[in-house]
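Enquirer: First, the structure itself, so that you have it in front of you.
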Amino acid sequence: MSQCCRKIKDTVQKLASDHKDIHSSVSRVGKAIDRNFDSEICGVVSDAVWDSGEKQQQILQMAIVEHLYQQGMLSVAEELCQESTLNVDLDFKQPFLELNRILEALHEQDLGPALEWAVSHRQRLLELNSSLEFKLHRLHFIRLLAGGPEKQLEALNYARHFQPFARLHQREIQVMMGSLVYLRLGLEKSPYCHLLDNSHWAEICETFTRDACSLLGLSVESPLSVSFASGCVALPVLMNIKAVIEQRQCTGVWSHKDELPIEIELGMKCWYHSVFACPILRQQTSDSNPPIKLICGHVISRDALNKLINGGKLKCPYCPMEQNPADGKRIIF
């Protein structure tokens with residue numbers, strides 16, 4: 001009996017020791033989770049900063065629907081519209097329907113719909129300095145080359161489509177014409193084997209999406225995906241600010257809808273327009289406080305200009321030129 005008791009005691013002690021090691025590891029994991037994850041992300045921003053909840057919901061639903069249309073998930077978008085009772089005009093849907101129809105054809109290596117669209121919008125594409133139509137004709141010519149010597153005559157006849165693009169794409173046309181010399185030997189074993197690379201199809205899809213979105217007044221990336229990516233970059237910074245504000249009991253630091261408490265760098269990808277910060281007040285200009293160009297050429301904000309007026313005259317803070325404040329001109333970037 002005493003021997004059994006000793007064995008049981010040793011076993012219990014061993015289990016307790018093993019459990020202690022496991023418990024230490026588990027407790028560290030819990031602390032790491034608490035340290036790296038915030039249970040209430042919505043608390044980063046006060047609800048009073050934004051509009052009513054109903055309007056927020058409608059804006060979010062519209063952003064999701066637009067994203068689904070842009071991704072080609074038309075049936076899912078229609079289902080969401082029905083369940084959320086969101087009314088979407090046919091004029092809003094039509095550009096996405098046309099865009100996705102042509103992209104689906106390109107993914108199946110069918111150039112017909114894209115060529116038809118490019119020819120019908122030729123003038124507007126030229127105004128954008130777009131090379132979409134030429135790239136589509138080039139890709140069709142390469143497909144004929146891939147057909148071997150049997151397609152040589154057809155390829156030569158199709159080369160007439162390059163005539164309007166000869167001035168801007170002379171070098172590329174010369175390369176394609178030179179490849180005809182190796183057609184009987186096989187392009188895949190010639191110096192022109194790069195023409196058969198499948199990457200041309202991915203490139204034409206990207207070019208078509210970019211140029212078509214420009215003509216149709218759409219963004220290449222959906223507003224929802226851009227907002228989500230920007231939020232992922234900005235959220236850690238905002239959470240740190242929230243912690244600092246709570247520790248220092250600073251209230252009213254963030255009270256404006258159109259600005260953040262500090263500047264957050266999102267990278268060049270998210271630069272959509274120029275911005276100007278007043279060198280005097282160190283504030284970003286806005287519609288209510290636009291940048292003003294002085295006679296001497298220096299630019300300051302309107303608020304700074306009003307503060308610098310003395311006796312109806314304005315002295316430039318960067319040079320000694322004295323001038324009439326009314327002579328300042330608003331600048332639009």
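So you can find residues: chains in the structure tokens are A, B, ... in the order shown, residues in each start at 1, and ligands are numbered from 1 in order.
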Need to verify the contact set: stretch 260-270 of chain A, 10 Å, only C-alpha atoms, exclusion of same-chain residues closer than 6 positions in sequence. Can you return it as a list in words?
Expert: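 Surrounding residues, per the criterion: Val226, Ser227, Ala229, Ser230, Gly231, Cys232, Val233, Ala234, Leu235, Val237, Leu238, Ile241, Gly252, Val253 and Trp254 of chain A.
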Enquirer: Could those residues be written to a file, using all heavy atoms, as an mmCIF file, in the first residue's frame?
Expert:
data_model
loop_
_atom_site.group_PDB
_atom_site.id
_atom_site.type_symbol
_atom_site.label_atom_id
_atom_site.label_comp_id
_atom_site.auth_asym_id
_atom_site.auth_seq_id
_atom_site.Cartn_x
_atom_site.Cartn_y
_atom_site.Cartn_z
ATOM 1 N N VAL A 226 -10.202 49.923 -51.839
ATOM 2 C CA VAL A 226 -9.244 50.990 -51.495
ATOM 3 C C VAL A 226 -9.424 51.425 -50.046
ATOM 4 O O VAL A 226 -8.444 51.591 -49.298
ATOM 5 C CB VAL A 226 -9.421 52.192 -52.446
ATOM 6 C CG1 VAL A 226 -8.551 53.360 -51.998
ATOM 7 C CG2 VAL A 226 -9.065 51.798 -53.867
ATOM 8 N N SER A 227 -10.687 51.581 -49.625
ATOM 9 C CA SER A 227 -10.962 51.987 -48.242
ATOM 10 C C SER A 227 -10.499 50.927 -47.252
ATOM 11 O O SER A 227 -9.934 51.246 -46.197
ATOM 12 C CB SER A 227 -12.466 52.234 -48.063
ATOM 13 O OG SER A 227 -12.912 53.245 -48.929
ATOM 14 N N ALA A 229 -8.091 48.645 -47.696
ATOM 15 C CA ALA A 229 -6.621 48.616 -47.646
ATOM 16 C C ALA A 229 -6.078 49.809 -46.863
ATOM 17 O O ALA A 229 -5.146 49.667 -46.062
ATOM 18 C CB ALA A 229 -6.055 48.605 -49.064
ATOM 19 N N SER A 230 -6.678 50.992 -47.066
ATOM 20 C CA SER A 230 -6.229 52.181 -46.335
ATOM 21 C C SER A 230 -6.518 52.039 -44.845
ATOM 22 O O SER A 230 -5.702 52.434 -44.005
ATOM 23 C CB SER A 230 -6.934 53.427 -46.883
ATOM 24 O OG SER A 230 -6.678 53.584 -48.254
ATOM 25 N N GLY A 231 -7.688 51.462 -44.521
ATOM 26 C CA GLY A 231 -8.035 51.265 -43.118
ATOM 27 C C GLY A 231 -7.081 50.327 -42.408
ATOM 28 O O GLY A 231 -6.747 50.542 -41.237
ATOM 29 N N CYS A 232 -6.632 49.279 -43.111
ATOM 30 C CA CYS A 232 -5.686 48.333 -42.507
ATOM 31 C C CYS A 232 -4.365 49.024 -42.168
ATOM 32 O O CYS A 232 -3.711 48.669 -41.183
ATOM 33 C CB CYS A 232 -5.436 47.161 -43.466
ATOM 34 S SG CYS A 232 -6.839 46.043 -43.640
ATOM 35 N N VAL A 233 -3.969 50.003 -42.988
ATOM 36 C CA VAL A 233 -2.733 50.747 -42.720
ATOM 37 C C VAL A 233 -2.935 51.738 -41.573
ATOM 38 O O VAL A 233 -2.075 51.901 -40.698
ATOM 39 C CB VAL A 233 -2.274 51.493 -43.995
ATOM 40 C CG1 VAL A 233 -1.055 52.364 -43.691
ATOM 41 C CG2 VAL A 233 -1.946 50.503 -45.091
ATOM 42 N N ALA A 234 -4.103 52.405 -41.566
ATOM 43 C CA ALA A 234 -4.336 53.480 -40.603
ATOM 44 C C ALA A 234 -4.784 52.978 -39.229
ATOM 45 O O ALA A 234 -4.551 53.652 -38.223
ATOM 46 C CB ALA A 234 -5.382 54.442 -41.158
ATOM 47 N N LEU A 235 -5.420 51.799 -39.170
ATOM 48 C CA LEU A 235 -6.020 51.334 -37.919
ATOM 49 C C LEU A 235 -5.021 51.204 -36.767
ATOM 50 O O LEU A 235 -5.306 51.670 -35.652
ATOM 51 C CB LEU A 235 -6.741 50.004 -38.150
ATOM 52 C CG LEU A 235 -7.589 49.492 -36.988
ATOM 53 C CD1 LEU A 235 -8.659 50.515 -36.611
ATOM 54 C CD2 LEU A 235 -8.229 48.156 -37.334
ATOM 55 N N VAL A 237 -2.334 52.842 -36.172
ATOM 56 C CA VAL A 237 -1.957 54.191 -35.721
ATOM 57 C C VAL A 237 -3.091 54.815 -34.915
ATOM 58 O O VAL A 237 -2.868 55.411 -33.853
ATOM 59 C CB VAL A 237 -1.614 55.074 -36.938
ATOM 60 C CG1 VAL A 237 -1.204 56.476 -36.468
ATOM 61 C CG2 VAL A 237 -0.507 54.446 -37.769
ATOM 62 N N LEU A 238 -4.322 54.652 -35.403
ATOM 63 C CA LEU A 238 -5.475 55.222 -34.703
ATOM 64 C C LEU A 238 -5.682 54.565 -33.344
ATOM 65 O O LEU A 238 -6.085 55.221 -32.377
ATOM 66 C CB LEU A 238 -6.734 55.068 -35.557
ATOM 67 C CG LEU A 238 -6.750 55.863 -36.867
ATOM 68 C CD1 LEU A 238 -8.011 55.565 -37.663
ATOM 69 C CD2 LEU A 238 -6.649 57.357 -36.594
ATOM 70 N N ILE A 241 -3.275 56.113 -31.000
ATOM 71 C CA ILE A 241 -3.740 57.448 -30.626
ATOM 72 C C ILE A 241 -4.846 57.355 -29.589
ATOM 73 O O ILE A 241 -4.892 58.123 -28.621
ATOM 74 C CB ILE A 241 -4.239 58.203 -31.878
ATOM 75 C CG1 ILE A 241 -3.073 58.491 -32.809
ATOM 76 C CG2 ILE A 241 -4.945 59.493 -31.492
ATOM 77 C CD1 ILE A 241 -3.485 59.070 -34.126
ATOM 78 N N GLY A 252 -11.839 65.977 -27.237
ATOM 79 C CA GLY A 252 -12.016 66.914 -28.340
ATOM 80 C C GLY A 252 -10.842 67.005 -29.275
ATOM 81 O O GLY A 252 -10.723 67.967 -30.042
ATOM 82 N N VAL A 253 -9.919 66.026 -29.226
ATOM 83 C CA VAL A 253 -8.761 66.050 -30.130
ATOM 84 C C VAL A 253 -9.195 65.799 -31.566
ATOM 85 O O VAL A 253 -8.680 66.387 -32.503
ATOM 86 C CB VAL A 253 -7.726 64.987 -29.689
ATOM 87 C CG1 VAL A 253 -6.580 64.918 -30.682
ATOM 88 C CG2 VAL A 253 -7.206 65.320 -28.300
ATOM 89 N N TRP A 254 -10.178 64.909 -31.739
ATOM 90 C CA TRP A 254 -10.666 64.572 -33.077
ATOM 91 C C TRP A 254 -12.143 64.924 -33.151
ATOM 92 O O TRP A 254 -12.992 64.193 -32.703
ATOM 93 C CB TRP A 254 -10.451 63.084 -33.331
ATOM 94 C CG TRP A 254 -10.771 62.676 -34.739
ATOM 95 C CD1 TRP A 254 -11.108 63.472 -35.775
ATOM 96 C CD2 TRP A 254 -10.779 61.341 -35.253
ATOM 97 N NE1 TRP A 254 -11.325 62.743 -36.907
ATOM 98 C CE2 TRP A 254 -11.124 61.428 -36.623
ATOM 99 C CE3 TRP A 254 -10.522 60.099 -34.698
ATOM 100 C CZ2 TRP A 254 -11.226 60.292 -37.423
ATOM 101 C CZ3 TRP A 254 -10.618 58.981 -35.502
ATOM 102 C CH2 TRP A 254 -10.954 59.082 -36.848
#
Enquirer: May I have the residues within 12 Å of A:Asn36 as a list in words, using only C-alpha atoms and disregarding those fewer than 3 positions away in the same chain?
Expert: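 The filter keeps Val29, Gly30, Lys31, Ala32, Ile33, Ser39, Pro236, Met239 and Asn240 of chain A.
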Enquirer: Keeping N, CA and C atoms, export the residues of the selection given above as a short mmCIF file (atom, residue, chain, number, x, y, z; two decimals), in the first residue's frame.
Expert:
data_model
loop_
_atom_site.label_atom_id
_atom_site.label_comp_id
_atom_site.auth_asym_id
_atom_site.auth_seq_id
_atom_site.Cartn_x
_atom_site.Cartn_y
_atom_site.Cartn_z
N VAL A 29 0.41 33.05 -24.12
CA VAL A 29 -0.37 33.22 -25.34
C VAL A 29 -1.53 34.19 -25.10
N GLY A 30 -2.20 34.03 -23.99
CA GLY A 30 -3.31 34.92 -23.66
C GLY A 30 -2.87 36.36 -23.55
N LYS A 31 -1.72 36.58 -22.90
CA LYS A 31 -1.22 37.94 -22.77
C LYS A 31 -0.82 38.51 -24.13
N ALA A 32 -0.25 37.64 -24.98
CA ALA A 32 0.13 38.10 -26.32
C ALA A 32 -1.10 38.51 -27.13
N ILE A 33 -2.19 37.73 -26.98
CA ILE A 33 -3.44 38.06 -27.68
C ILE A 33 -3.99 39.39 -27.18
N SER A 39 -10.17 44.16 -28.62
CA SER A 39 -11.47 43.50 -28.68
C SER A 39 -12.55 44.40 -29.25
N PRO A 236 -3.84 50.58 -36.96
CA PRO A 236 -2.89 50.50 -35.83
C PRO A 236 -2.50 51.86 -35.27
N MET A 239 -5.40 53.27 -33.25
CA MET A 239 -5.54 52.57 -31.97
C MET A 239 -4.52 53.08 -30.96
N ASN A 240 -3.30 53.36 -31.44
CA ASN A 240 -2.28 53.93 -30.55
C ASN A 240 -2.69 55.33 -30.08
#
Enquirer: Please identify which residues in stretch 81-252 of chain A DSSP calls helix (DSSP H, G or I) from the backbone, and express them as a ChimeraX atom specification.
Expert: /A:81-84,90-107,112-120,122-127,132-146,149-165,170-182,187-189,193-196,199-216,223-248
Enquirer: Can you work out the spacing between atom CA of A:Asp211 and atom CA of A:Tyr272 in Å, to one decimal?
Expert: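 So the answer is 16.9 Å.
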Enquirer: Which residue out of A:Gly312, A:Gly72, A:Pro317, A:Gly328 has the minimum interatomic distance to A:Pro290 when only C-alpha atoms are used?
Expert: A:Gly328
Enquirer: Would you pick out the contacts of A:Ile173 at 12 Å or less, using only C-alpha atoms, so that residues sharing its chain but fewer than 6 positions from it are not included, and give the list as an NGL selection string?
Expert: :A and (134-135 or 137-139 or 141-142 or 156 or 159-167 or 179-180 or 195)
Enquirer: From the list A:Met62, A:Cys193, A:Val181, A:Ala114, which residue is nearest A:Ser222 when using only C-alpha atoms?
Expert: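 Smallest distance to A:Ser222 is found for A:Met62.
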Enquirer: Quote the spacing between atom CA of A:Gln82 and atom CA of A:His67 in Å to one decimal place.
Expert: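 Separation of atom CA of A:Gln82 and atom CA of A:His67: 16.2 Å.
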Enquirer: Compare A:Arg302, A:Arg28, A:His23, A:His169 by their minimum atom-to-atom distance to A:Gln283, counting only C-alpha atoms, and give me the closest one.
Expert: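 Ranked by minimum distance to A:Gln283, first place goes to A:Arg302.
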Enquirer: Using only C-alpha atoms, which residue out of A:Cys213, A:Leu68, A:Ile204, A:Leu90 lies closest to A:Gln109?
Expert: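 Comparing A:Cys213, A:Leu68, A:Ile204, A:Leu90 against A:Gln109, the winner is A:Ile204.
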Enquirer: Rank nothing, just name the residue among A:Ala155, A:Ile295, A:Cys81, A:Leu86 nearest to A:Pro320, using only C-alpha atoms.
Expert: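 Nearest to A:Pro320: A:Ile295.
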Enquirer: Could you give me, as a ChimeraX atom specification, the residues within 9 Å of A:Leu128, counting only C-alpha atoms and dropping anything in the same chain fewer than 4 positions from it?
Expert: /A:123-124,211,214-215
Enquirer: If I take atom CA of A:Leu185 and atom CA of A:Glu108, how far is one from the other in Å, to one decimal?
Expert: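 Between atom CA of A:Leu185 and atom CA of A:Glu108 the gap works out to 28.0 Å.
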Enquirer: Between A:Pro325, A:Ala77, A:Pro223, A:Asp21, single out the one closest to A:Gly311, counting only C-alpha atoms.
Expert: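 Nearest candidate to A:Gly311 out of A:Pro325, A:Ala77, A:Pro223, A:Asp21: A:Pro325.
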Enquirer: Residues within 7 Å of A:Lys329, please, as JSON, numbers by chain. Count only C-alpha atoms; anything in the same chain fewer than 3 positions from it doesn't count.
Expert: {"A": [292, 293, 294]}
Enquirer: Next, dump the selected residues to file, keeping only all heavy atoms, as a PDB file, in the first residue's frame.
Expert:
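Result file follows (result.pdb):
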ATOM      1  N   ILE A 292      -3.491  80.594 -51.489  1.00  0.00           N
ATOM      2  CA  ILE A 292      -3.520  81.888 -52.172  1.00  0.00           C
ATOM      3  C   ILE A 292      -2.111  82.227 -52.657  1.00  0.00           C
ATOM      4  O   ILE A 292      -1.154  82.161 -51.890  1.00  0.00           O
ATOM      5  CB  ILE A 292      -4.034  83.012 -51.243  1.00  0.00           C
ATOM      6  CG1 ILE A 292      -5.417  82.674 -50.694  1.00  0.00           C
ATOM      7  CG2 ILE A 292      -4.047  84.336 -51.985  1.00  0.00           C
ATOM      8  CD1 ILE A 292      -6.512  82.604 -51.724  1.00  0.00           C
ATOM      9  N   LYS A 293      -1.995  82.580 -53.943  1.00  0.00           N
ATOM     10  CA  LYS A 293      -0.702  82.975 -54.520  1.00  0.00           C
ATOM     11  C   LYS A 293      -0.560  84.487 -54.436  1.00  0.00           C
ATOM     12  O   LYS A 293      -1.415  85.240 -54.898  1.00  0.00           O
ATOM     13  CB  LYS A 293      -0.614  82.521 -55.972  1.00  0.00           C
ATOM     14  CG  LYS A 293       0.666  82.951 -56.690  1.00  0.00           C
ATOM     15  CD  LYS A 293       0.651  82.439 -58.117  1.00  0.00           C
ATOM     16  CE  LYS A 293       1.835  82.984 -58.899  1.00  0.00           C
ATOM     17  NZ  LYS A 293       1.779  84.435 -59.099  1.00  0.00           N
ATOM     18  N   LEU A 294       0.523  84.939 -53.817  1.00  0.00           N
ATOM     19  CA  LEU A 294       0.799  86.360 -53.674  1.00  0.00           C
ATOM     20  C   LEU A 294       1.469  86.897 -54.941  1.00  0.00           C
ATOM     21  O   LEU A 294       1.922  86.120 -55.791  1.00  0.00           O
ATOM     22  CB  LEU A 294       1.679  86.607 -52.452  1.00  0.00           C
ATOM     23  CG  LEU A 294       1.158  86.033 -51.117  1.00  0.00           C
ATOM     24  CD1 LEU A 294       2.139  86.345 -49.998  1.00  0.00           C
ATOM     25  CD2 LEU A 294      -0.221  86.583 -50.793  1.00  0.00           C
TER      26      LEU A 294
END
